[in-house]
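Reproduced below: upload_1.pdb, with PDB, C-alpha atoms.
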ATOM      1  CA  MET A   1      16.062-108.498  16.515
ATOM      2  CA  ALA A   2      19.051-107.365  14.430
ATOM      3  CA  ILE A   3      20.410-109.338  11.526
ATOM      4  CA  LYS A   4      21.969-112.642  12.494
ATOM      5  CA  THR A   5      25.759-112.355  12.624
ATOM      6  CA  VAL A   6      28.575-114.792  13.322
ATOM      7  CA  ASP A   7      28.726-116.289  16.812
ATOM      8  CA  SER A   8      31.028-114.694  19.354
ATOM      9  CA  GLY A   9      33.123-117.849  19.674
ATOM     10  CA  ALA A  10      34.095-117.626  16.015
ATOM     11  CA  LEU A  11      35.493-114.139  16.549
ATOM     12  CA  THR A  12      38.532-115.543  18.334
ATOM     13  CA  ARG A  13      39.763-117.489  15.321
ATOM     14  CA  ARG A  14      43.281-116.691  14.183
ATOM     15  CA  ARG A  15      43.435-115.185  10.725
ATOM     16  CA  THR A  16      45.240-117.524   8.388
ATOM     17  CA  GLY A  17      45.850-118.013   4.685
ATOM     18  CA  ALA A  18      44.079-115.572   2.373
ATOM     19  CA  ALA A  19      42.194-114.026   5.302
ATOM     20  CA  ALA A  20      45.479-112.866   6.837
ATOM     21  CA  THR A  21      45.984-110.310   4.032
ATOM     22  CA  PHE A  22      42.329-109.528   3.383
ATOM     23  CA  LYS A  23      41.415-105.828   3.347
ATOM     24  CA  TRP A  24      37.973-104.772   4.574
ATOM     25  CA  GLU A  25      36.379-102.447   2.005
ATOM     26  CA  PRO A  26      32.582-102.762   2.447
ATOM     27  CA  ALA A  27      30.252-102.218  -0.497
ATOM     28  CA  LYS A  28      26.633-103.050  -1.272
ATOM     29  CA  VAL A  29      24.967-104.833  -4.185
ATOM     30  CA  GLY A  30      21.322-103.837  -3.700
ATOM     31  CA  PRO A  31      19.109-101.276  -1.958
ATOM     32  CA  ARG A  32      19.710-100.707   1.737
ATOM     33  CA  PHE A  33      17.238-102.276   4.134
ATOM     34  CA  GLU A  34      16.928-102.772   7.882
ATOM     35  CA  TRP A  35      15.852-105.739   9.970
ATOM     36  CA  LEU A  36      12.823-105.116  12.190
ATOM     37  CA  ASP A  37      13.092-108.668  13.507
ATOM     38  CA  TYR A  38      14.494-111.925  12.123
ATOM     39  CA  GLU A  39      11.513-112.377   9.787
ATOM     40  CA  THR A  40      10.762-108.779   8.790
ATOM     41  CA  ILE A  41      12.676-106.122   6.865
ATOM     42  CA  ARG A  42      11.999-102.530   5.845
ATOM     43  CA  ILE A  43      13.394-101.273   2.517
ATOM     44  CA  VAL A  44      15.022 -97.887   3.126
ATOM     45  CA  GLU A  45      16.033 -96.797  -0.369
ATOM     46  CA  GLY A  46      15.021 -97.230  -3.985
ATOM     47  CA  GLY A  47      11.612 -97.618  -5.562
ATOM     48  CA  LEU A  48      10.207 -99.581  -2.605
ATOM     49  CA  ALA A  49      11.604 -97.347   0.149
ATOM     50  CA  GLY A  50       9.485 -97.675   3.280
ATOM     51  CA  LYS A  51       8.024-101.039   2.250
ATOM     52  CA  ILE A  52       7.874-103.674   5.007
ATOM     53  CA  LEU A  53       8.332-107.259   3.816
ATOM     54  CA  GLY A  54       8.291-110.658   5.461
ATOM     55  CA  VAL A  55      11.286-112.987   5.109
ATOM     56  CA  LYS A  56      11.260-116.775   5.284
ATOM     57  CA  THR A  57      14.456-118.812   5.081
ATOM     58  CA  GLU A  58      14.647-122.594   4.818
ATOM     59  CA  ILE A  59      17.894-124.550   4.850
ATOM     60  CA  LEU A  60      17.805-128.310   4.187
ATOM     61  CA  ARG A  61      20.611-130.758   3.510
ATOM     62  CA  HIS A  62      20.445-130.516  -0.292
ATOM     63  CA  THR A  63      18.553-127.261  -0.854
ATOM     64  CA  ALA A  64      17.973-123.812   0.606
ATOM     65  CA  THR A  65      15.518-121.009  -0.164
ATOM     66  CA  VAL A  66      14.684-117.508   0.946
ATOM     67  CA  SER A  67      11.311-115.916   0.167
ATOM     68  CA  LEU A  68       9.878-112.426   0.504
ATOM     69  CA  TYR A  69       6.258-111.685   1.391
ATOM     70  CA  ASP A  70       4.122-108.584   1.055
ATOM     71  CA  GLU A  71       1.155-108.821   3.420
ATOM     72  CA  LYS A  72       1.618-112.611   3.616
ATOM     73  CA  LYS A  73       1.608-113.043  -0.182
ATOM     74  CA  GLN A  74       4.834-114.427  -1.622
ATOM     75  CA  ILE A  75       6.414-111.957  -4.040
ATOM     76  CA  GLY A  76       9.829-113.499  -4.598
ATOM     77  CA  ILE A  77      12.023-116.529  -4.022
ATOM     78  CA  VAL A  78      15.684-117.437  -4.472
ATOM     79  CA  SER A  79      16.549-121.134  -4.697
ATOM     80  CA  ILE A  80      19.863-122.792  -3.851
ATOM     81  CA  GLU A  81      21.169-126.281  -4.501
ATOM     82  CA  ARG A  82      23.687-127.444  -1.891
ATOM     83  CA  ASP A  83      25.991-129.681  -3.903
ATOM     84  CA  PRO A  84      27.937-131.192  -2.307
ATOM     85  CA  PRO A  85      25.928-130.699   0.926
ATOM     86  CA  GLY A  86      27.721-128.518   3.417
ATOM     87  CA  LYS A  87      30.150-127.115   0.855
ATOM     88  CA  GLY A  88      28.799-126.278  -2.600
ATOM     89  CA  ILE A  89      26.355-123.370  -2.916
ATOM     90  CA  ILE A  90      24.675-123.128  -6.326
ATOM     91  CA  LEU A  91      22.181-120.353  -7.032
ATOM     92  CA  TRP A  92      19.905-121.680  -9.775
ATOM     93  CA  ASP A  93      16.739-119.576  -9.662
ATOM     94  CA  ALA A  94      15.618-116.104  -8.633
ATOM     95  CA  GLY A  95      12.028-115.067  -9.253
ATOM     96  CA  ILE A  96      10.168-111.835  -8.496
ATOM     97  CA  LYS A  97       6.512-111.014  -9.151
ATOM     98  CA  GLU A  98       6.315-108.656 -12.116
ATOM     99  CA  ARG A  99       5.061-105.554 -10.269
ATOM    100  CA  TYR A 100       8.009-105.769  -7.825
ATOM    101  CA  ARG A 101      10.787-106.227 -10.379
ATOM    102  CA  GLN A 102      13.739-103.868 -10.926
ATOM    103  CA  ASN A 103      13.755-102.827  -7.281
ATOM    104  CA  GLY A 104      16.723-104.898  -6.103
ATOM    105  CA  LEU A 105      14.721-107.579  -4.296
ATOM    106  CA  ALA A 106      16.578-110.459  -5.972
ATOM    107  CA  ALA A 107      19.875-108.974  -4.767
ATOM    108  CA  ILE A 108      18.489-108.690  -1.223
ATOM    109  CA  MET A 109      17.307-112.307  -1.177
ATOM    110  CA  THR A 110      20.592-113.548  -2.617
ATOM    111  CA  TRP A 111      22.532-111.586   0.006
ATOM    112  CA  ILE A 112      20.410-113.069   2.787
ATOM    113  CA  ILE A 113      20.681-116.715   1.677
ATOM    114  CA  PHE A 114      24.414-116.528   0.950
ATOM    115  CA  ARG A 115      24.980-115.175   4.460
ATOM    116  CA  GLU A 116      22.756-117.787   6.097
ATOM    117  CA  LEU A 117      24.668-120.591   4.393
ATOM    118  CA  LEU A 118      28.026-119.097   5.336
ATOM    119  CA  MET A 119      26.824-119.106   8.946
ATOM    120  CA  VAL A 120      26.200-122.851   8.998
ATOM    121  CA  GLN A 121      29.049-124.074   6.772
ATOM    122  CA  ASP A 122      32.755-124.380   7.539
ATOM    123  CA  VAL A 123      33.662-124.309   3.837
ATOM    124  CA  ALA A 124      31.804-122.775   0.912
ATOM    125  CA  THR A 125      32.142-122.619  -2.869
ATOM    126  CA  PHE A 126      29.754-120.543  -4.980
ATOM    127  CA  ARG A 127      28.272-121.029  -8.447
ATOM    128  CA  ILE A 128      25.367-119.572 -10.382
ATOM    129  CA  ARG A 129      23.706-122.000 -12.769
ATOM    130  CA  MET A 130      21.640-120.327 -15.473
ATOM    131  CA  VAL A 131      18.530-122.391 -16.148
ATOM    132  CA  ARG A 132      17.233-121.553 -19.627
ATOM    133  CA  SER A 133      13.543-121.450 -20.465
ATOM    134  CA  LEU A 134      12.322-123.533 -23.396
ATOM    135  CA  LYS A 135      10.240-120.555 -24.534
ATOM    136  CA  THR A 136      12.628-118.681 -26.799
ATOM    137  CA  GLY A 137      12.233-116.137 -29.535
ATOM    138  CA  ASP A 138      11.151-116.912 -33.108
ATOM    139  CA  ASP A 139      14.713-117.744 -34.111
ATOM    140  CA  GLY A 140      15.343-119.770 -30.957
ATOM    141  CA  THR A 141      17.464-117.076 -29.309
ATOM    142  CA  GLU A 142      16.709-114.368 -26.793
ATOM    143  CA  ILE A 143      18.289-112.823 -23.725
ATOM    144  CA  GLN A 144      17.366-114.630 -20.518
ATOM    145  CA  ASN A 145      18.276-114.551 -16.825
ATOM    146  CA  VAL A 146      18.964-110.808 -16.889
ATOM    147  CA  GLY A 147      18.442-110.403 -13.136
ATOM    148  CA  MET A 148      20.668-113.328 -12.228
ATOM    149  CA  GLY A 149      23.342-112.117 -14.621
ATOM    150  CA  ILE A 150      23.394-108.713 -12.940
ATOM    151  CA  ILE A 151      23.573-110.356  -9.506
ATOM    152  CA  ALA A 152      26.476-112.533 -10.678
ATOM    153  CA  VAL A 153      28.582-109.593 -11.816
ATOM    154  CA  ARG A 154      27.785-107.413  -8.807
ATOM    155  CA  PHE A 155      28.827-110.130  -6.364
ATOM    156  CA  GLY A 156      32.041-110.804  -8.303
ATOM    157  CA  PHE A 157      31.187-114.014 -10.175
ATOM    158  CA  THR A 158      32.777-114.467 -13.597
ATOM    159  CA  PRO A 159      31.567-116.539 -16.592
ATOM    160  CA  GLU A 160      32.344-120.234 -16.649
ATOM    161  CA  LEU A 161      32.968-119.762 -20.377
ATOM    162  CA  ASN A 162      36.395-118.432 -21.307
ATOM    163  CA  LEU A 163      35.324-115.253 -23.114
ATOM    164  CA  ARG A 164      38.879-114.336 -24.015
ATOM    165  CA  GLN A 165      39.197-117.529 -26.055
ATOM    166  CA  LEU A 166      35.678-117.467 -27.477
ATOM    167  CA  LEU A 167      35.571-113.833 -28.589
ATOM    168  CA  THR A 168      38.498-113.981 -30.962
ATOM    169  CA  ILE A 169      38.251-112.498 -34.444
ATOM    170  CA  ASP A 170      38.679-115.890 -36.104
ATOM    171  CA  ASN A 171      35.954-117.476 -33.941
ATOM    172  CA  ILE A 172      33.248-114.812 -34.439
ATOM    173  CA  THR A 173      31.243-115.474 -37.602
ATOM    174  CA  GLY A 174      28.587-112.811 -37.150
ATOM    175  CA  ILE A 175      26.955-110.411 -34.704
ATOM    176  CA  GLU A 176      23.290-109.433 -34.493
ATOM    177  CA  VAL A 177      21.637-106.834 -32.271
ATOM    178  CA  LEU A 178      18.525-108.043 -30.447
ATOM    179  CA  SER A 179      15.969-105.368 -29.631
ATOM    180  CA  ALA A 180      14.759-104.799 -26.075
ATOM    181  CA  ALA A 181      11.728-106.983 -25.330
ATOM    182  CA  ASN A 182       9.698-108.325 -22.416
ATOM    183  CA  GLY A 183      11.320-105.903 -19.995
ATOM    184  CA  ASN A 184      14.814-106.998 -20.991
ATOM    185  CA  PRO A 185      17.526-104.689 -22.374
ATOM    186  CA  PRO A 186      18.892-104.911 -25.916
ATOM    187  CA  ALA A 187      21.436-107.675 -26.418
ATOM    188  CA  LEU A 188      23.992-109.093 -28.800
ATOM    189  CA  LYS A 189      23.733-112.459 -30.503
ATOM    190  CA  VAL A 190      27.281-113.538 -31.325
ATOM    191  CA  ASN A 191      27.618-116.483 -33.697
ATOM    192  CA  LEU A 192      30.731-118.609 -33.136
ATOM    193  CA  ASN A 193      32.683-121.274 -34.983
ATOM    194  CA  ARG A 194      32.842-123.592 -31.983
ATOM    195  CA  ASP A 195      30.816-124.577 -28.933
ATOM    196  CA  PRO A 196      28.626-122.951 -27.621
ATOM    197  CA  PHE A 197      28.210-121.643 -31.239
ATOM    198  CA  VAL A 198      25.828-118.862 -30.110
ATOM    199  CA  LEU A 199      26.522-116.411 -27.304
ATOM    200  CA  VAL A 200      23.855-113.951 -26.146
ATOM    201  CA  ALA A 201      25.020-111.039 -24.001
ATOM    202  CA  PHE A 202      24.017-107.620 -22.720
ATOM    203  CA  VAL A 203      26.153-104.776 -21.400
ATOM    204  CA  LEU A 204      26.299-103.156 -17.966
ATOM    205  CA  ASN A 205      27.169 -99.556 -17.242
ATOM    206  CA  PRO A 206      30.445 -99.940 -15.270
ATOM    207  CA  ASP A 207      29.515 -97.034 -12.987
ATOM    208  CA  THR A 208      25.981 -98.102 -12.043
ATOM    209  CA  MET A 209      26.208-101.846 -12.823
ATOM    210  CA  LYS A 210      22.795-101.560 -14.493
ATOM    211  CA  PRO A 211      21.999-102.699 -18.046
ATOM    212  CA  ILE A 212      22.662-100.213 -20.829
ATOM    213  CA  ASN A 213      19.419 -99.704 -22.747
ATOM    214  CA  ASP A 214      20.802 -97.402 -25.463
ATOM    215  CA  PHE A 215      20.411 -99.333 -28.711
ATOM    216  CA  ARG A 216      23.215 -97.290 -30.263
ATOM    217  CA  THR A 217      25.741 -98.845 -27.861
ATOM    218  CA  TYR A 218      24.907-102.288 -29.241
ATOM    219  CA  LEU A 219      25.119-101.081 -32.830
ATOM    220  CA  GLU A 220      28.609 -99.774 -32.065
ATOM    221  CA  LEU A 221      29.580-103.166 -30.626
ATOM    222  CA  LYS A 222      28.294-104.856 -33.760
ATOM    223  CA  ARG A 223      30.351-102.590 -36.014
ATOM    224  CA  ASP A 224      33.594-103.136 -34.086
ATOM    225  CA  ASP A 225      33.937-106.521 -32.413
ATOM    226  CA  LEU A 226      37.178-105.401 -30.733
ATOM    227  CA  ILE A 227      35.023-103.294 -28.412
ATOM    228  CA  ILE A 228      33.333-106.491 -27.243
ATOM    229  CA  HIS A 229      36.707-107.619 -25.886
ATOM    230  CA  GLU A 230      37.055-104.345 -23.980
ATOM    231  CA  TRP A 231      33.651-104.730 -22.319
ATOM    232  CA  ALA A 232      34.403-108.363 -21.486
ATOM    233  CA  GLU A 233      37.758-107.439 -19.926
ATOM    234  CA  ARG A 234      36.016-104.830 -17.777
ATOM    235  CA  GLY A 235      33.567-107.454 -16.531
ATOM    236  CA  ALA A 236      30.649-105.507 -17.999
ATOM    237  CA  LEU A 237      29.580-108.059 -20.618
ATOM    238  CA  VAL A 238      26.924-110.362 -19.139
ATOM    239  CA  VAL A 239      26.461-113.625 -21.030
ATOM    240  CA  ASN A 240      23.788-116.312 -20.918
ATOM    241  CA  GLY A 241      25.783-119.015 -19.168
ATOM    242  CA  ASN A 242      26.946-120.323 -15.821
ATOM    243  CA  TYR A 243      29.028-118.204 -13.453
ATOM    244  CA  LEU A 244      31.666-119.099 -10.850
ATOM    245  CA  LEU A 245      33.151-117.314  -7.858
ATOM    246  CA  ARG A 246      36.848-117.659  -8.568
ATOM    247  CA  GLU A 247      39.672-117.015  -6.131
ATOM    248  CA  PRO A 248      40.681-113.557  -7.486
ATOM    249  CA  GLN A 249      37.159-112.250  -6.791
ATOM    250  CA  VAL A 250      36.581-113.747  -3.334
ATOM    251  CA  ASN A 251      37.623-110.522  -1.568
ATOM    252  CA  HIS A 252      35.164-108.567  -3.737
ATOM    253  CA  PHE A 253      32.425-111.021  -2.763
ATOM    254  CA  VAL A 254      33.177-110.949   0.965
ATOM    255  CA  ASN A 255      33.155-107.152   1.061
ATOM    256  CA  ARG A 256      29.588-107.261  -0.253
ATOM    257  CA  ILE A 257      28.372-110.008   2.082
ATOM    258  CA  ALA A 258      29.878-109.208   5.481
ATOM    259  CA  VAL A 259      28.471-106.543   7.805
ATOM    260  CA  SER A 260      31.604-106.028   9.923
ATOM    261  CA  GLU A 261      35.346-106.336   9.514
ATOM    262  CA  THR A 262      35.590-109.247  11.935
ATOM    263  CA  GLU A 263      32.817-111.107  10.165
ATOM    264  CA  ALA A 264      34.496-110.432   6.824
ATOM    265  CA  PHE A 265      37.703-112.159   7.942
ATOM    266  CA  ILE A 266      35.721-115.183   9.157
ATOM    267  CA  PHE A 267      33.819-115.465   5.877
ATOM    268  CA  ARG A 268      37.087-115.071   3.952
ATOM    269  CA  GLU A 269      38.517-118.110   5.716
ATOM    270  CA  LYS A 270      35.492-120.223   4.801
ATOM    271  CA  ILE A 271      35.236-119.454   1.084
ATOM    272  CA  ARG A 272      37.169-121.402  -1.528
ATOM    273  CA  GLY A 273      37.432-119.864  -4.962
ATOM    274  CA  LEU A 274      36.771-122.140  -7.941
TER
END
As structure tokens:
Amino acid sequence: MAIKTVDSGALTRRRTGAAATFKWEPAKVGPRFEWLDYETIRIVEGGLAGKILGVKTEILRHTATVSLYDEKKQIGIVSIERDPPGKGIILWDAGIKERYRQNGLAAIMTWIIFRELLMVQDVATFRIRMVRSLKTGDDGTEIQNVGMGIIAVRFGFTPELNLRQLLTIDNITGIEVLSAANGNPPALKVNLNRDPFVLVAFVLNPDTMKPINDFRTYLELKRDDLIIHEWAERGALVVNGNYLLREPQVNHFVNRIAVSETEAFIFREKIRGL
């Protein structure tokens, strides 16, 4: 069975509002894969190319999940809170077994569950809520939620925090470089005069949308805080904080979710930017 797509009746809808001027420019956010049936996929590119995985999706009134299985053993799960039910879609957790990480599986699961929810909802808003672990570094600060941060930026989500207002010269009191640790890239700890007082961020390569691991890049950012503004403006600065899908980025999001032009227009009509 091929991937589930929108029902044929929905294809006759008249394009209105933002969807009327939407331009179909498809792009992907993770490794390509193919559906063998509705509960089985085969990865066709990347480090797990050729791997066959099971897929289980569960949609309830207040929650939704999608899980991946390798030979019937769960290797990953993405969890959604539906708040309010039938409208709000909040990604709050994405977990992958260690040996399967950095192969794009979180992006695949997120893509699947976002699509499934768009199928069953008439309206949809999207958020990513970063749940922080209580286990932090010795000084109480470390980079967290790296995978979810990358997913957020690739799908077009932007920080809930107003980085333009926070990262002003008069609000930054100090910048530290955090070394790479626990499989995470280097990061910046930016001390601020006002709430949230500490901002932890890492940088993405704008061309590959993967974390930059060159420590020298972070040292350069520390020496010249004006460069931090440039990275933030380019959407390549990923911060520990919540993310929203705002109206200016809805087209970007739809082009990475839909599998056909017709489907893209239907999804565009359903989504409301925050």
Report as a PyMOL selection string all protein, DNA and RNA residues lying within 7 Å of Gly95 (chain A), evaluated on all atoms listed in the file, omitting residues in the same chain fewer than 4 positions from it. chain A and resi 76-78
Evaluate the PyMOL selection byres ((chain A and resi 200) around 7) here and jot the selected residues down as a ChimeraX atom specification. /A:143,187-190,198-199,201,239-240
Please write the residues from the selection above to a file, keeping C-alpha atoms, as an mmCIF file, in the coordinates of the input.
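As a result, result_4.cif now contains:
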data_model
loop_
_atom_site.group_PDB
_atom_site.id
_atom_site.type_symbol
_atom_site.label_atom_id
_atom_site.label_comp_id
_atom_site.auth_asym_id
_atom_site.auth_seq_id
_atom_site.Cartn_x
_atom_site.Cartn_y
_atom_site.Cartn_z
ATOM 1 C CA ILE A 143 18.289 -112.823 -23.725
ATOM 2 C CA ALA A 187 21.436 -107.675 -26.418
ATOM 3 C CA LEU A 188 23.992 -109.093 -28.800
ATOM 4 C CA LYS A 189 23.733 -112.459 -30.503
ATOM 5 C CA VAL A 190 27.281 -113.538 -31.325
ATOM 6 C CA VAL A 198 25.828 -118.862 -30.110
ATOM 7 C CA LEU A 199 26.522 -116.411 -27.304
ATOM 8 C CA ALA A 201 25.020 -111.039 -24.001
ATOM 9 C CA VAL A 239 26.461 -113.625 -21.030
ATOM 10 C CA ASN A 240 23.788 -116.312 -20.918
#
If you apply the PyMOL selection byres ((chain A and resi 82) around 12) to this file, what residues do you get, as JSON, numbers by chain? {"A": [59, 60, 61, 62, 63, 64, 65, 79, 80, 81, 83, 84, 85, 86, 87, 88, 89, 90, 91, 92, 113, 114, 117, 118, 121, 123, 124, 125, 126, 127, 128]}
Residues of the last selection are to be written out with C-alpha atoms, as a PDB file, in the frame of the given file.
ATOM      1  CA  ILE A  59      17.894-124.550   4.850  1.00  0.00           C
ATOM      2  CA  LEU A  60      17.805-128.310   4.187  1.00  0.00           C
ATOM      3  CA  ARG A  61      20.611-130.758   3.510  1.00  0.00           C
ATOM      4  CA  HIS A  62      20.445-130.516  -0.292  1.00  0.00           C
ATOM      5  CA  THR A  63      18.553-127.261  -0.854  1.00  0.00           C
ATOM      6  CA  ALA A  64      17.973-123.812   0.606  1.00  0.00           C
ATOM      7  CA  THR A  65      15.518-121.009  -0.164  1.00  0.00           C
ATOM      8  CA  SER A  79      16.549-121.134  -4.697  1.00  0.00           C
ATOM      9  CA  ILE A  80      19.863-122.792  -3.851  1.00  0.00           C
ATOM     10  CA  GLU A  81      21.169-126.281  -4.501  1.00  0.00           C
ATOM     11  CA  ASP A  83      25.991-129.681  -3.903  1.00  0.00           C
ATOM     12  CA  PRO A  84      27.937-131.192  -2.307  1.00  0.00           C
ATOM     13  CA  PRO A  85      25.928-130.699   0.926  1.00  0.00           C
ATOM     14  CA  GLY A  86      27.721-128.518   3.417  1.00  0.00           C
ATOM     15  CA  LYS A  87      30.150-127.115   0.855  1.00  0.00           C
ATOM     16  CA  GLY A  88      28.799-126.278  -2.600  1.00  0.00           C
ATOM     17  CA  ILE A  89      26.355-123.370  -2.916  1.00  0.00           C
ATOM     18  CA  ILE A  90      24.675-123.128  -6.326  1.00  0.00           C
ATOM     19  CA  LEU A  91      22.181-120.353  -7.032  1.00  0.00           C
ATOM     20  CA  TRP A  92      19.905-121.680  -9.775  1.00  0.00           C
ATOM     21  CA  ILE A 113      20.681-116.715   1.677  1.00  0.00           C
ATOM     22  CA  PHE A 114      24.414-116.528   0.950  1.00  0.00           C
ATOM     23  CA  LEU A 117      24.668-120.591   4.393  1.00  0.00           C
ATOM     24  CA  LEU A 118      28.026-119.097   5.336  1.00  0.00           C
ATOM     25  CA  GLN A 121      29.049-124.074   6.772  1.00  0.00           C
ATOM     26  CA  VAL A 123      33.662-124.309   3.837  1.00  0.00           C
ATOM     27  CA  ALA A 124      31.804-122.775   0.912  1.00  0.00           C
ATOM     28  CA  THR A 125      32.142-122.619  -2.869  1.00  0.00           C
ATOM     29  CA  PHE A 126      29.754-120.543  -4.980  1.00  0.00           C
ATOM     30  CA  ARG A 127      28.272-121.029  -8.447  1.00  0.00           C
ATOM     31  CA  ILE A 128      25.367-119.572 -10.382  1.00  0.00           C
TER      32      ILE A 128
END
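This file, filtered with the PyMOL selection byres ((chain A and resi 167-176) around 6), gives the residues Leu163, Arg164, Gln165, Leu166, Val177, Leu188, Lys189, Val190, Asn191, Leu192, Asn193 and Lys222 of chain A.
The spacing separating CA of Pro186 (chain A) from CA of Pro211 (chain A) amounts to 8.7 Å.
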Got a sec: who's within 12 Å of region 244-249 of chain A, counting all atoms listed in the file, leaving out chain neighbours fewer than 3 positions off, as a ChimeraX atom specification? /A:18,22,88-91,124-130,149,151-162,235,241,252-256,268-269,271-274
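As for CA of Asn184 (chain A) and CA of Arg101 (chain A), they are spaced 11.4 Å apart.
You will find CA of Arg42 (chain A) at 18.7 Å from CA of Glu116 (chain A).
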Could you please fill out region 18-37 of chain A with N, CA and C atoms and send it back as a compact mmCIF listing (two decimals), in the frame of the given file?
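Contents of the output file out.txt:
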# COMPACT_ATOMS: atom_id res chain seq x y z
N ALA A 18 44.50 -116.76 3.10
CA ALA A 18 44.08 -115.57 2.37
C ALA A 18 43.48 -114.53 3.29
N ALA A 19 42.82 -114.97 4.38
CA ALA A 19 42.19 -114.03 5.30
C ALA A 19 43.21 -113.15 6.01
N ALA A 20 44.45 -113.62 6.12
CA ALA A 20 45.48 -112.87 6.84
C ALA A 20 45.82 -111.56 6.13
N THR A 21 45.65 -111.51 4.80
CA THR A 21 45.98 -110.31 4.03
C THR A 21 44.75 -109.62 3.47
N PHE A 22 43.58 -110.10 3.88
CA PHE A 22 42.33 -109.53 3.38
C PHE A 22 42.15 -108.09 3.88
N LYS A 23 41.66 -107.22 2.99
CA LYS A 23 41.42 -105.83 3.35
C LYS A 23 39.93 -105.55 3.33
N TRP A 24 39.40 -105.04 4.42
CA TRP A 24 37.97 -104.77 4.57
C TRP A 24 37.60 -103.48 3.87
N GLU A 25 36.85 -103.59 2.78
CA GLU A 25 36.38 -102.45 2.00
C GLU A 25 34.91 -102.67 1.67
N PRO A 26 34.00 -102.41 2.63
CA PRO A 26 32.58 -102.76 2.45
C PRO A 26 31.93 -102.04 1.28
N ALA A 27 31.03 -102.76 0.61
CA ALA A 27 30.25 -102.22 -0.50
C ALA A 27 28.92 -102.97 -0.53
N LYS A 28 27.94 -102.40 -1.22
CA LYS A 28 26.63 -103.05 -1.27
C LYS A 28 26.29 -103.42 -2.72
N VAL A 29 25.36 -104.37 -2.85
CA VAL A 29 24.97 -104.83 -4.18
C VAL A 29 23.50 -104.54 -4.49
N GLY A 30 22.74 -104.12 -3.51
CA GLY A 30 21.32 -103.84 -3.70
C GLY A 30 20.89 -102.69 -2.82
N PRO A 31 19.60 -102.38 -2.80
CA PRO A 31 19.11 -101.28 -1.96
C PRO A 31 19.30 -101.57 -0.48
N ARG A 32 19.57 -100.54 0.29
CA ARG A 32 19.71 -100.71 1.74
C ARG A 32 18.37 -101.08 2.35
N PHE A 33 18.44 -101.92 3.38
CA PHE A 33 17.24 -102.28 4.13
C PHE A 33 17.63 -102.50 5.58
N GLU A 34 16.65 -102.53 6.47
CA GLU A 34 16.93 -102.77 7.88
C GLU A 34 16.06 -103.90 8.39
N TRP A 35 16.59 -104.64 9.35
CA TRP A 35 15.85 -105.74 9.97
C TRP A 35 15.01 -105.20 11.12
N LEU A 36 13.70 -105.46 11.07
CA LEU A 36 12.82 -105.12 12.19
C LEU A 36 12.80 -106.26 13.20
N ASP A 37 12.85 -107.47 12.71
CA ASP A 37 13.09 -108.67 13.51
C ASP A 37 13.62 -109.70 12.53
